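*Asks:* First the structure, which I've put down as structure tokens, then a few questions once you've had a look.
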Amino acid sequence: SRWLLSRLNRLVKSTQYLFDTYQYGEAGRQMRSFLWDEFAPWYLEISKHPLYNGTDEEKAIARRVLVHTLQTCMRLLHPYMPFVTEEIWSYLPVEDEALMLAQWPTADESYIDDAAEARMDVLMDLVRSVRDIRNNQYNINPGKKLTAIVQPGRHRADLETYGYIFARLCNVEAIELLADDAPAPDEAASAVVADTALYLPLRGMIDIAAECERLHKERENLAEQIRRTEGMLANEGFVNNAPEAVVQRERNKLSELQSSTAQIEERIAELCAD
């Protein structure tokens with residue numbers, strides 16, 4: 001809640017500045033970004049825990065934060081979407097009968113908390129890392145429950161306190177916190193966020209032998225593409241005579257191929273006895 005209220009009040013402060021300087025497009029973009037990228041995918045999911053499993057006090061706090069955030073955003077959005085926001089406003093438990101008569105929001109800077117935002121950024125990046133490993137890197141069946149093994153560094157207290165949020169947001173069954181000097185587990189995908197190392201054991205989640213075979217083939221394919229692209233860029237006739245945009249496209253392609261190769265090498269090192 002501290003994170004969301006900090007982000008909300010930062011939005012209100014920024015919106016007022018942008019309105020004062022006639023930057024209405026940027027103000028609207030920031031409002032959309034807050035609702036679409038922060039409130040909906042993160043806080044709404046986080047709030048389900050206290051709403052469904054919390055004490056009466058925790059439920060009340062979550063409801064108050066949700067309502068306060070929604071009504072504040074409706075006030076901010078009203079100049080852009082007067083009819084839609086007025087309709088939504090009519091369903092909120094607020095004192096003002098009409099949104100058009102409601103007071104314009106003002107930022108309370110006492111709620112702006114850089115530390116809370118930084119700590120939440122680490123948690124969100126860890127969640128994104130788990131999702132990327134599960135969905136993009138290894139395509140693990142969503143029905144399979146993963147265990148997250150974490151070397152938390154400076155964030156041990158946060159992960160001990162808010163581990164349930166982390167588990168809910170990235171669909172892991174359990175979180176194991178390692179000692180700072182503990183060795184990394186075998187056959188595990190990994191990611192590093194700030195000074196926190198995350199490991200997801202993959203045994204039983206994927207066919208490791210088949211995945212290693214696929215990774216080696218992909219590495220060979222990338223190596224062939226890199227040789228071909230490097231050959232083109234080493235050809236002075238191509239570099240001197242081709243349009244600059246074409247040459248730059250090949251340079252960008254080489255950079256992307258090298259980056260992809262580095263990622264494949266990391267995965268092979270994690271999984272395979274190469």
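Starting from 1 in every chain, residues are counted up; chains themselves are A, B, ... following the order of the structure tokens, and ligands are numbered from 1 as listed.
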List the neighbours of Pro142 of chain A out to 12 Å using only C-alpha atoms; skip same-chain residues closer than 4 positions along the sequence, and give me the result as a list in words.
*Replies:*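 Once the adjacent positions are removed, what remains is Val130, Arg131, Ile133, Arg134, Asn135, Asn136, Tyr138, Leu146, Cys170, Asn171, Val172, Glu173, Met205 and Ile206 of chain A.
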*Asks:* Sort by chain and increasing residue number a table of all residues of segment 173-208 of chain A within 12 Å of segment 246-267 of chain A, each with its closest pair of atoms and their distance in Å to one decimal, counting only C-alpha atoms, and write it as a Markdown table.
*Replies:*
```
| residue | atom | partner | partner_atom | distance |
| --- | --- | --- | --- | --- |
| A:Glu187 | CA | A:Arg267 | CA | 9.7 |
| A:Ala188 | CA | A:Arg267 | CA | 9.1 |
| A:Ala189 | CA | A:Arg267 | CA | 7.1 |
| A:Ser190 | CA | A:Arg267 | CA | 8.7 |
| A:Ala191 | CA | A:Glu266 | CA | 10.4 |
| A:Leu202 | CA | A:Arg267 | CA | 11.5 |
| A:Ile208 | CA | A:Arg267 | CA | 11.1 |
```
*Asks:* Considering only C-alpha atoms, can you say which of A:Asn241, A:Ser129, A:Thr15, A:Asn53 comes closest to Gly28 of chain A?
*Replies:*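 For Gly28 of chain A, the nearest of the given residues is A:Thr15.
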*Asks:* Per DSSP on the backbone, filter segment 23-246 of chain A down to the residues in strand (DSSP E or B) and report them as a ChimeraX atom specification.
*Replies:* /A:146-151,172-177,188-193,196-201,203,206
*Asks:* What lies within 12 Å of Arg32 of chain A using only C-alpha atoms, ignoring chain neighbours under 5 positions off, as a list in words?
*Replies:*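 Near neighbours after the sequence-gap exclusion: Leu11, Thr15, Gly25, Glu26, Ala27, Asp37, Glu38, Phe39, Ala40, Cys73, Met74, Leu76, Leu77 and Tyr80 of chain A.
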*Asks:* Got time to write the residues from that selection, all heavy atoms, as a short mmCIF file (atom, residue, chain, number, x, y, z; two decimals), in the first residue's frame?
*Replies:*
```cif
data_model
loop_
_atom_site.label_atom_id
_atom_site.label_comp_id
_atom_site.auth_asym_id
_atom_site.auth_seq_id
_atom_site.Cartn_x
_atom_site.Cartn_y
_atom_site.Cartn_z
N LEU A 11 2.12 10.68 -9.17
CA LEU A 11 1.36 10.94 -10.40
C LEU A 11 0.57 12.24 -10.28
O LEU A 11 0.55 13.04 -11.23
CB LEU A 11 0.39 9.77 -10.65
CG LEU A 11 -0.61 9.98 -11.79
CD1 LEU A 11 0.09 10.02 -13.13
CD2 LEU A 11 -1.68 8.88 -11.78
N THR A 15 1.10 15.32 -12.71
CA THR A 15 -0.02 15.77 -13.53
C THR A 15 -0.27 17.26 -13.35
O THR A 15 -0.52 17.98 -14.34
CB THR A 15 -1.30 14.98 -13.17
OG1 THR A 15 -1.08 13.59 -13.44
CG2 THR A 15 -2.49 15.47 -13.98
N GLY A 25 -0.96 15.98 -23.30
CA GLY A 25 -0.73 14.65 -23.86
C GLY A 25 0.13 13.80 -22.94
O GLY A 25 -0.16 12.63 -22.70
N GLU A 26 1.22 14.39 -22.43
CA GLU A 26 2.10 13.65 -21.53
C GLU A 26 1.40 13.33 -20.22
O GLU A 26 1.58 12.24 -19.66
CB GLU A 26 3.37 14.46 -21.26
CG GLU A 26 4.33 13.85 -20.24
CD GLU A 26 4.84 12.47 -20.64
OE1 GLU A 26 4.75 12.10 -21.83
OE2 GLU A 26 5.34 11.75 -19.75
N ALA A 27 0.57 14.24 -19.74
CA ALA A 27 -0.19 13.97 -18.51
C ALA A 27 -1.11 12.76 -18.71
O ALA A 27 -1.18 11.86 -17.86
CB ALA A 27 -1.00 15.19 -18.11
N ASP A 37 -0.04 -0.11 -16.13
CA ASP A 37 1.24 -0.79 -15.87
C ASP A 37 1.52 -1.01 -14.38
O ASP A 37 2.41 -1.81 -14.05
CB ASP A 37 2.40 0.01 -16.48
CG ASP A 37 2.27 0.17 -17.98
OD1 ASP A 37 1.73 -0.75 -18.62
OD2 ASP A 37 2.70 1.22 -18.51
N GLU A 38 0.83 -0.30 -13.51
CA GLU A 38 1.13 -0.42 -12.08
C GLU A 38 -0.09 -0.84 -11.26
O GLU A 38 -0.06 -1.87 -10.57
CB GLU A 38 1.69 0.92 -11.56
CG GLU A 38 3.00 1.32 -12.24
CD GLU A 38 3.54 2.64 -11.73
OE1 GLU A 38 3.55 2.86 -10.50
OE2 GLU A 38 3.96 3.48 -12.57
N PHE A 39 -1.16 -0.08 -11.35
CA PHE A 39 -2.33 -0.36 -10.52
C PHE A 39 -2.98 -1.69 -10.89
O PHE A 39 -3.16 -2.57 -10.03
CB PHE A 39 -3.34 0.78 -10.64
CG PHE A 39 -4.60 0.55 -9.85
CD1 PHE A 39 -4.57 0.48 -8.47
CD2 PHE A 39 -5.83 0.40 -10.50
CE1 PHE A 39 -5.74 0.27 -7.74
CE2 PHE A 39 -6.99 0.19 -9.78
CZ PHE A 39 -6.94 0.13 -8.39
N ALA A 40 -3.32 -1.86 -12.17
CA ALA A 40 -4.07 -3.06 -12.57
C ALA A 40 -3.26 -4.35 -12.45
O ALA A 40 -3.71 -5.31 -11.82
CB ALA A 40 -4.61 -2.89 -13.98
N CYS A 73 -7.98 8.70 -9.52
CA CYS A 73 -7.74 8.56 -10.96
C CYS A 73 -8.94 9.05 -11.77
O CYS A 73 -8.77 9.62 -12.86
CB CYS A 73 -7.42 7.12 -11.29
SG CYS A 73 -5.78 6.59 -10.72
N MET A 74 -10.16 8.84 -11.26
CA MET A 74 -11.33 9.36 -11.97
C MET A 74 -11.31 10.89 -12.02
O MET A 74 -11.66 11.50 -13.04
CB MET A 74 -12.61 8.87 -11.30
CG MET A 74 -12.88 7.37 -11.43
SD MET A 74 -12.84 6.75 -13.13
CE MET A 74 -11.19 6.00 -13.18
N LEU A 76 -8.61 12.76 -12.01
CA LEU A 76 -7.56 13.15 -12.96
C LEU A 76 -8.00 12.94 -14.41
O LEU A 76 -7.68 13.74 -15.29
CB LEU A 76 -6.29 12.34 -12.68
CG LEU A 76 -5.56 12.60 -11.36
CD1 LEU A 76 -4.39 11.63 -11.20
CD2 LEU A 76 -5.06 14.04 -11.27
N LEU A 77 -8.72 11.87 -14.65
CA LEU A 77 -9.12 11.52 -16.01
C LEU A 77 -10.36 12.27 -16.49
O LEU A 77 -10.66 12.26 -17.69
CB LEU A 77 -9.38 10.01 -16.12
CG LEU A 77 -8.15 9.10 -16.14
CD1 LEU A 77 -8.57 7.65 -15.94
CD2 LEU A 77 -7.39 9.26 -17.45
N TYR A 80 -10.43 14.36 -19.63
CA TYR A 80 -10.22 13.60 -20.87
C TYR A 80 -11.45 12.78 -21.23
O TYR A 80 -11.78 12.63 -22.41
CB TYR A 80 -9.03 12.64 -20.71
CG TYR A 80 -7.70 13.32 -20.48
CD1 TYR A 80 -7.28 13.62 -19.20
CD2 TYR A 80 -6.86 13.63 -21.54
CE1 TYR A 80 -6.05 14.23 -18.97
CE2 TYR A 80 -5.63 14.23 -21.33
CZ TYR A 80 -5.24 14.53 -20.04
OH TYR A 80 -4.02 15.14 -19.82
#
```
*Asks:* What separation in Å, quoted to one decimal, exists between atom CA of Asp181 of chain A and atom CA of Cys212 of chain A?
*Replies:*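 Atom CA of Asp181 of chain A sits 28.3 Å away from atom CA of Cys212 of chain A.
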*Asks:* Report as a tab-separated table: every residue of segment 140-238 of chain A with an atom at most 12 Å from segment 109-126 of chain A, its closest pair of atoms, and their distance in Å to one decimal, counting only C-alpha atoms, with rows sorted by chain and ascending residue number.
*Replies:*
```
residue	atom	partner	partner_atom	distance
A:Ala148	CA	A:Leu126	CA	10.2
A:Ile149	CA	A:Leu126	CA	11.5
A:Val150	CA	A:Leu126	CA	9.7
A:Gln151	CA	A:Leu126	CA	11.7
A:Pro152	CA	A:Val122	CA	10.5
A:Gly153	CA	A:Val122	CA	11.5
A:Arg154	CA	A:Arg119	CA	10.1
A:His155	CA	A:Arg119	CA	7.9
A:Arg156	CA	A:Arg119	CA	11.1
A:Ala157	CA	A:Arg119	CA	10.7
A:Asp158	CA	A:Arg119	CA	7.8
A:Leu159	CA	A:Leu123	CA	8.2
A:Glu160	CA	A:Leu123	CA	11.8
A:Thr161	CA	A:Leu123	CA	11.7
A:Tyr162	CA	A:Leu123	CA	9.0
A:Gly163	CA	A:Leu123	CA	9.3
A:Tyr164	CA	A:Leu123	CA	11.4
A:Ile165	CA	A:Leu123	CA	8.9
A:Phe166	CA	A:Leu123	CA	6.9
A:Ala167	CA	A:Leu126	CA	10.5
A:Arg168	CA	A:Met124	CA	11.8
A:Leu169	CA	A:Met124	CA	8.9
A:Cys170	CA	A:Leu126	CA	8.9
A:Val172	CA	A:Leu126	CA	11.9
A:Ser190	CA	A:Leu126	CA	10.6
A:Ala191	CA	A:Leu126	CA	8.0
A:Val192	CA	A:Leu126	CA	8.1
A:Val193	CA	A:Leu126	CA	6.5
A:Ala194	CA	A:Val122	CA	7.1
A:Asp195	CA	A:Val122	CA	9.5
A:Thr196	CA	A:Val122	CA	8.5
A:Ala197	CA	A:Leu126	CA	9.0
A:Leu198	CA	A:Leu126	CA	7.4
A:Tyr199	CA	A:Leu126	CA	10.4
A:Leu200	CA	A:Leu126	CA	11.5
```
*Asks:* Could the residues in this selection be saved with N, CA, C and O atoms as a CSV table (one decimal), in the first residue's frame?
*Replies:*
```
chain,number,residue,atom,x,y,z
A,148,ALA,N,11.1,-21.4,-6.0
A,148,ALA,CA,12.1,-20.3,-6.2
A,148,ALA,C,13.1,-20.4,-5.1
A,148,ALA,O,12.7,-20.4,-3.9
A,149,ILE,N,14.3,-20.5,-5.5
A,149,ILE,CA,15.5,-20.4,-4.5
A,149,ILE,C,16.1,-19.1,-4.7
A,149,ILE,O,16.5,-18.7,-5.8
A,150,VAL,N,16.3,-18.4,-3.6
A,150,VAL,CA,16.7,-17.0,-3.7
A,150,VAL,C,17.9,-16.7,-2.7
A,150,VAL,O,17.8,-17.1,-1.6
A,151,GLN,N,18.9,-16.1,-3.3
A,151,GLN,CA,20.0,-15.5,-2.4
A,151,GLN,C,19.6,-14.0,-2.3
A,151,GLN,O,19.9,-13.3,-3.2
A,152,PRO,N,19.0,-13.6,-1.2
A,152,PRO,CA,18.3,-12.3,-1.2
A,152,PRO,C,19.2,-11.1,-1.0
A,152,PRO,O,18.7,-10.0,-1.2
A,153,GLY,N,20.5,-11.3,-0.6
A,153,GLY,CA,21.3,-10.1,-0.4
A,153,GLY,C,20.7,-9.1,0.6
A,153,GLY,O,20.3,-9.6,1.7
A,154,ARG,N,20.6,-7.9,0.2
A,154,ARG,CA,20.1,-6.8,1.2
A,154,ARG,C,18.5,-6.9,1.3
A,154,ARG,O,18.0,-6.2,2.1
A,155,HIS,N,17.9,-7.8,0.5
A,155,HIS,CA,16.4,-7.8,0.5
A,155,HIS,C,15.8,-9.0,1.2
A,155,HIS,O,14.7,-9.4,1.0
A,156,ARG,N,16.6,-9.6,2.1
A,156,ARG,CA,16.1,-10.8,2.8
A,156,ARG,C,14.9,-10.4,3.7
A,156,ARG,O,13.9,-11.2,3.6
A,157,ALA,N,14.9,-9.3,4.4
A,157,ALA,CA,13.7,-9.0,5.2
A,157,ALA,C,12.5,-8.8,4.4
A,157,ALA,O,11.4,-9.2,4.8
A,158,ASP,N,12.6,-8.1,3.2
A,158,ASP,CA,11.4,-7.9,2.4
A,158,ASP,C,10.9,-9.2,1.9
A,158,ASP,O,9.7,-9.4,1.8
A,159,LEU,N,11.8,-10.1,1.5
A,159,LEU,CA,11.3,-11.4,0.9
A,159,LEU,C,10.7,-12.3,2.0
A,159,LEU,O,9.8,-13.1,1.8
A,160,GLU,N,11.2,-12.2,3.2
A,160,GLU,CA,10.6,-12.9,4.3
A,160,GLU,C,9.2,-12.4,4.7
A,160,GLU,O,8.3,-13.2,5.0
A,161,THR,N,9.1,-11.1,4.6
A,161,THR,CA,7.8,-10.4,4.9
A,161,THR,C,6.8,-10.6,3.8
A,161,THR,O,5.6,-10.8,4.1
A,162,TYR,N,7.2,-10.3,2.6
A,162,TYR,CA,6.3,-10.3,1.5
A,162,TYR,C,6.5,-11.4,0.5
A,162,TYR,O,6.1,-11.3,-0.7
A,163,GLY,N,7.0,-12.5,0.9
A,163,GLY,CA,7.2,-13.7,0.1
A,163,GLY,C,5.9,-14.1,-0.5
A,163,GLY,O,5.8,-14.6,-1.7
A,164,TYR,N,4.8,-14.0,0.2
A,164,TYR,CA,3.5,-14.4,-0.3
A,164,TYR,C,3.1,-13.6,-1.5
A,164,TYR,O,2.4,-14.1,-2.4
A,165,ILE,N,3.5,-12.3,-1.6
A,165,ILE,CA,3.2,-11.5,-2.7
A,165,ILE,C,4.0,-12.0,-3.9
A,165,ILE,O,3.4,-12.2,-5.0
A,166,PHE,N,5.2,-12.3,-3.7
A,166,PHE,CA,6.1,-12.8,-4.8
A,166,PHE,C,5.5,-14.1,-5.3
A,166,PHE,O,5.4,-14.3,-6.5
A,167,ALA,N,5.2,-15.0,-4.4
A,167,ALA,CA,4.7,-16.3,-4.8
A,167,ALA,C,3.4,-16.2,-5.6
A,167,ALA,O,3.2,-16.9,-6.6
A,168,ARG,N,2.5,-15.3,-5.2
A,168,ARG,CA,1.2,-15.2,-5.9
A,168,ARG,C,1.4,-14.6,-7.3
A,168,ARG,O,0.8,-15.0,-8.2
A,169,LEU,N,2.3,-13.6,-7.4
A,169,LEU,CA,2.4,-12.9,-8.6
A,169,LEU,C,3.1,-13.7,-9.7
A,169,LEU,O,2.9,-13.5,-10.9
A,170,CYS,N,4.0,-14.7,-9.3
A,170,CYS,CA,4.7,-15.4,-10.4
A,170,CYS,C,4.4,-16.9,-10.3
A,170,CYS,O,5.1,-17.7,-10.9
A,172,VAL,N,4.6,-19.4,-8.0
A,172,VAL,CA,5.6,-20.4,-7.5
A,172,VAL,C,5.0,-21.0,-6.2
A,172,VAL,O,4.3,-20.4,-5.5
A,190,SER,N,18.6,-19.1,-13.9
A,190,SER,CA,19.0,-18.1,-12.9
A,190,SER,C,18.7,-16.7,-13.5
A,190,SER,O,18.6,-16.5,-14.7
A,191,ALA,N,18.6,-15.7,-12.6
A,191,ALA,CA,18.5,-14.3,-12.9
A,191,ALA,C,19.0,-13.5,-11.7
A,191,ALA,O,19.0,-14.0,-10.6
A,192,VAL,N,19.5,-12.3,-12.0
A,192,VAL,CA,20.1,-11.5,-11.0
A,192,VAL,C,19.4,-10.1,-11.0
A,192,VAL,O,19.3,-9.5,-12.1
A,193,VAL,N,18.9,-9.7,-9.9
A,193,VAL,CA,18.2,-8.4,-9.8
A,193,VAL,C,18.9,-7.7,-8.6
A,193,VAL,O,18.8,-8.1,-7.5
A,194,ALA,N,19.5,-6.5,-8.9
A,194,ALA,CA,20.2,-5.8,-7.9
A,194,ALA,C,21.3,-6.8,-7.3
A,194,ALA,O,22.0,-7.4,-8.0
A,195,ASP,N,21.2,-6.9,-6.0
A,195,ASP,CA,22.2,-7.9,-5.4
A,195,ASP,C,21.5,-9.2,-5.0
A,195,ASP,O,22.0,-10.0,-4.1
A,196,THR,N,20.4,-9.5,-5.6
A,196,THR,CA,19.6,-10.7,-5.3
A,196,THR,C,19.7,-11.7,-6.5
A,196,THR,O,19.5,-11.3,-7.6
A,197,ALA,N,20.0,-12.9,-6.2
A,197,ALA,CA,20.1,-13.9,-7.2
A,197,ALA,C,18.9,-14.9,-7.1
A,197,ALA,O,18.6,-15.3,-5.9
A,198,LEU,N,18.3,-15.2,-8.2
A,198,LEU,CA,17.1,-16.0,-8.2
A,198,LEU,C,17.5,-17.3,-9.0
A,198,LEU,O,18.0,-17.2,-10.1
A,199,TYR,N,17.1,-18.5,-8.5
A,199,TYR,CA,17.3,-19.7,-9.2
A,199,TYR,C,15.9,-20.5,-9.2
A,199,TYR,O,15.2,-20.5,-8.2
A,200,LEU,N,15.7,-21.1,-10.4
A,200,LEU,CA,14.5,-21.9,-10.5
A,200,LEU,C,14.9,-23.3,-11.0
A,200,LEU,O,15.3,-23.5,-12.1
```
*Asks:* Atom CA of Leu70 of chain A and atom CA of Phe34 of chain A are how many Å apart?
*Replies:* 11.3 Å
*Asks:* DSSP says helix (DSSP H, G or I) for which residues of segment 19-251 of chain A? Put them as a ChimeraX atom specification?
*Replies:* /A:19-20,24-53,56-77,82-89,99-101,109-111,114-137,153-170,208-234,236-241,244-251
*Asks:* Can you work out the spacing between atom CA of Asn9 of chain A and atom CA of Ala107 of chain A in Å, to one decimal?
*Replies:* 5.0 Å
*Asks:* Which residues, written as a PyMOL selection string, have at least one atom at most 9 Å from segment 67-69 of chain A, with only C-alpha atoms counted and residues fewer than 4 positions away on the same chain left out?
*Replies:* chain A and resi 4-5+8+39+62-63+73-74+92-94
*Asks:* If you keep N, CA, C and O atoms, can you produce a file of those selected residues as a tab-separated table (two decimals), in the first residue's frame?
*Replies:*
```tsv
chain	number	residue	atom	x	y	z
A	4	LEU	N	1.97	1.89	-3.56
A	4	LEU	CA	0.93	2.42	-4.45
A	4	LEU	C	0.61	3.87	-4.11
A	4	LEU	O	0.47	4.71	-5.01
A	5	LEU	N	0.49	4.19	-2.83
A	5	LEU	CA	0.17	5.57	-2.45
A	5	LEU	C	1.30	6.52	-2.82
A	5	LEU	O	1.05	7.67	-3.19
A	8	LEU	N	0.90	6.96	-6.58
A	8	LEU	CA	-0.29	7.76	-6.86
A	8	LEU	C	-0.03	9.24	-6.61
A	8	LEU	O	-0.37	10.09	-7.44
A	39	PHE	N	-1.16	-0.08	-11.35
A	39	PHE	CA	-2.33	-0.36	-10.52
A	39	PHE	C	-2.98	-1.69	-10.89
A	39	PHE	O	-3.16	-2.57	-10.03
A	62	ALA	N	-7.04	-2.45	2.58
A	62	ALA	CA	-6.99	-2.71	1.14
A	62	ALA	C	-8.15	-2.04	0.42
A	62	ALA	O	-7.98	-1.44	-0.65
A	63	ARG	N	-9.35	-2.11	0.99
A	63	ARG	CA	-10.52	-1.48	0.36
A	63	ARG	C	-10.34	0.04	0.29
A	63	ARG	O	-10.67	0.67	-0.73
A	73	CYS	N	-7.98	8.70	-9.52
A	73	CYS	CA	-7.74	8.56	-10.96
A	73	CYS	C	-8.94	9.05	-11.77
A	73	CYS	O	-8.77	9.62	-12.86
A	74	MET	N	-10.16	8.84	-11.26
A	74	MET	CA	-11.33	9.36	-11.97
A	74	MET	C	-11.31	10.89	-12.02
A	74	MET	O	-11.66	11.50	-13.04
A	92	LEU	N	-18.82	4.41	-7.12
A	92	LEU	CA	-17.84	4.44	-6.04
A	92	LEU	C	-18.47	4.99	-4.76
A	92	LEU	O	-19.34	5.88	-4.82
A	93	PRO	N	-18.04	4.50	-3.60
A	93	PRO	CA	-18.57	5.02	-2.33
A	93	PRO	C	-17.90	6.34	-1.97
A	93	PRO	O	-16.96	6.41	-1.17
A	94	VAL	N	-18.37	7.44	-2.60
A	94	VAL	CA	-17.78	8.76	-2.40
A	94	VAL	C	-18.87	9.73	-1.94
A	94	VAL	O	-20.06	9.50	-2.13
```
*Asks:* If we count only C-alpha atoms, what is near Glu213 of chain A at a cut-off of 12 Å, once residues fewer than 3 positions away on the same chain are taken out, given as a PDB file with N, CA, C and O atoms, in the first residue's frame?
*Replies:*
```
ATOM      1  N   ASP A 207      12.381 -31.543 -20.140  1.00  0.00           N
ATOM      2  CA  ASP A 207      13.295 -32.606 -20.521  1.00  0.00           C
ATOM      3  C   ASP A 207      14.663 -31.958 -20.728  1.00  0.00           C
ATOM      4  O   ASP A 207      14.925 -31.345 -21.772  1.00  0.00           O
ATOM      5  N   ILE A 208      15.539 -32.080 -19.730  1.00  0.00           N
ATOM      6  CA  ILE A 208      16.796 -31.347 -19.753  1.00  0.00           C
ATOM      7  C   ILE A 208      17.680 -31.797 -20.908  1.00  0.00           C
ATOM      8  O   ILE A 208      18.317 -30.981 -21.582  1.00  0.00           O
ATOM      9  N   ALA A 209      17.723 -33.108 -21.187  1.00  0.00           N
ATOM     10  CA  ALA A 209      18.554 -33.601 -22.286  1.00  0.00           C
ATOM     11  C   ALA A 209      18.084 -33.035 -23.625  1.00  0.00           C
ATOM     12  O   ALA A 209      18.889 -32.586 -24.448  1.00  0.00           O
ATOM     13  N   ALA A 210      16.773 -33.046 -23.841  1.00  0.00           N
ATOM     14  CA  ALA A 210      16.234 -32.507 -25.090  1.00  0.00           C
ATOM     15  C   ALA A 210      16.461 -31.003 -25.184  1.00  0.00           C
ATOM     16  O   ALA A 210      16.771 -30.474 -26.261  1.00  0.00           O
ATOM     17  N   HIS A 216      22.163 -26.471 -28.078  1.00  0.00           N
ATOM     18  CA  HIS A 216      23.387 -26.630 -28.857  1.00  0.00           C
ATOM     19  C   HIS A 216      23.124 -26.382 -30.351  1.00  0.00           C
ATOM     20  O   HIS A 216      23.941 -25.744 -31.040  1.00  0.00           O
ATOM     21  N   LYS A 217      22.017 -26.865 -30.857  1.00  0.00           N
ATOM     22  CA  LYS A 217      21.676 -26.622 -32.259  1.00  0.00           C
ATOM     23  C   LYS A 217      21.445 -25.132 -32.514  1.00  0.00           C
ATOM     24  O   LYS A 217      21.860 -24.596 -33.547  1.00  0.00           O
ATOM     25  N   GLU A 218      20.782 -24.485 -31.563  1.00  0.00           N
ATOM     26  CA  GLU A 218      20.532 -23.052 -31.723  1.00  0.00           C
ATOM     27  C   GLU A 218      21.839 -22.278 -31.696  1.00  0.00           C
ATOM     28  O   GLU A 218      22.019 -21.313 -32.441  1.00  0.00           O
ATOM     29  N   ARG A 219      22.783 -22.705 -30.831  1.00  0.00           N
ATOM     30  CA  ARG A 219      24.086 -22.037 -30.779  1.00  0.00           C
ATOM     31  C   ARG A 219      24.824 -22.190 -32.106  1.00  0.00           C
ATOM     32  O   ARG A 219      25.441 -21.235 -32.599  1.00  0.00           O
ATOM     33  N   GLU A 220      24.769 -23.384 -32.705  1.00  0.00           N
ATOM     34  CA  GLU A 220      25.425 -23.603 -33.993  1.00  0.00           C
ATOM     35  C   GLU A 220      24.794 -22.741 -35.083  1.00  0.00           C
ATOM     36  O   GLU A 220      25.495 -22.164 -35.929  1.00  0.00           O
ATOM     37  N   ILE A 264      22.228 -17.837 -24.948  1.00  0.00           N
ATOM     38  CA  ILE A 264      22.237 -19.291 -25.137  1.00  0.00           C
ATOM     39  C   ILE A 264      23.389 -19.915 -24.349  1.00  0.00           C
ATOM     40  O   ILE A 264      23.240 -20.975 -23.718  1.00  0.00           O
ATOM     41  N   ARG A 267      22.433 -20.250 -20.766  1.00  0.00           N
ATOM     42  CA  ARG A 267      21.511 -21.354 -20.518  1.00  0.00           C
ATOM     43  C   ARG A 267      22.224 -22.698 -20.590  1.00  0.00           C
ATOM     44  O   ARG A 267      21.949 -23.598 -19.797  1.00  0.00           O
ATOM     45  N   ILE A 268      23.148 -22.838 -21.527  1.00  0.00           N
ATOM     46  CA  ILE A 268      23.915 -24.084 -21.607  1.00  0.00           C
ATOM     47  C   ILE A 268      24.744 -24.283 -20.348  1.00  0.00           C
ATOM     48  O   ILE A 268      24.822 -25.400 -19.804  1.00  0.00           O
ATOM     49  N   LEU A 271      22.419 -25.507 -17.533  1.00  0.00           N
ATOM     50  CA  LEU A 271      21.752 -26.805 -17.628  1.00  0.00           C
ATOM     51  C   LEU A 271      22.632 -27.955 -18.054  1.00  0.00           C
ATOM     52  O   LEU A 271      22.386 -29.101 -17.649  1.00  0.00           O
ATOM     53  N   CYS A 272      23.622 -27.690 -18.878  1.00  0.00           N
ATOM     54  CA  CYS A 272      24.256 -28.776 -19.608  1.00  0.00           C
ATOM     55  C   CYS A 272      25.707 -28.932 -19.185  1.00  0.00           C
ATOM     56  O   CYS A 272      26.417 -27.952 -18.926  1.00  0.00           O
ATOM     57  N   ALA A 273      26.166 -30.163 -19.169  1.00  0.00           N
ATOM     58  CA  ALA A 273      27.586 -30.451 -18.961  1.00  0.00           C
ATOM     59  C   ALA A 273      28.264 -30.339 -20.305  1.00  0.00           C
ATOM     60  O   ALA A 273      28.415 -31.308 -21.034  1.00  0.00           O
ATOM     61  N   ASP A 274      28.613 -29.115 -20.683  1.00  0.00           N
ATOM     62  CA  ASP A 274      29.122 -28.843 -22.043  1.00  0.00           C
ATOM     63  C   ASP A 274      30.640 -29.012 -22.085  1.00  0.00           C
ATOM     64  O   ASP A 274      31.335 -28.389 -21.320  1.00  0.00           O
TER      65      ASP A 274
END
```
*Asks:* Might you pull out every residue within 10 Å of Ser47 of chain A, with only C-alpha atoms counted and same-chain residues fewer than 4 positions away left off, and present them as a list in words?
*Replies:*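 Skipping anything fewer than 4 positions along the chain leaves Ser1, Trp42, Tyr43, Leu51, Tyr52, Asn53, Gly54, Glu58, Lys59, Ile61, Ala62, Arg63, Val65, Leu66 and Ile165 of chain A.
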*Asks:* Grab the residues selected above and save them as an mmCIF file, in the first residue's frame with C-alpha atoms.
*Replies:*
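As written to disk, again_28.cif reads:
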```
data_model
loop_
_atom_site.group_PDB
_atom_site.id
_atom_site.type_symbol
_atom_site.label_atom_id
_atom_site.label_comp_id
_atom_site.auth_asym_id
_atom_site.auth_seq_id
_atom_site.Cartn_x
_atom_site.Cartn_y
_atom_site.Cartn_z
ATOM 1 C CA SER A 1 0.000 0.000 0.000
ATOM 2 C CA TRP A 42 0.355 -5.250 -9.629
ATOM 3 C CA TYR A 43 -1.701 -3.732 -6.843
ATOM 4 C CA LEU A 51 -9.132 -9.099 0.772
ATOM 5 C CA TYR A 52 -9.500 -12.891 0.776
ATOM 6 C CA ASN A 53 -7.153 -13.989 3.559
ATOM 7 C CA GLY A 54 -6.426 -10.964 5.735
ATOM 8 C CA GLU A 58 -6.149 -5.634 6.578
ATOM 9 C CA LYS A 59 -9.286 -5.996 4.450
ATOM 10 C CA ILE A 61 -7.044 -0.995 4.549
ATOM 11 C CA ALA A 62 -6.990 -2.707 1.143
ATOM 12 C CA ARG A 63 -10.518 -1.477 0.360
ATOM 13 C CA VAL A 65 -6.563 2.139 -0.769
ATOM 14 C CA LEU A 66 -8.433 0.704 -3.761
ATOM 15 C CA ILE A 165 3.168 -11.522 -2.736
#
```
*Asks:* Have a look at A:Pro105, A:Val12, A:Ala182, A:Arg203 and name the one nearest to Lys145 of chain A; count only C-alpha atoms.
*Replies:*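 The answer is A:Arg203, which sits nearest to Lys145 of chain A.
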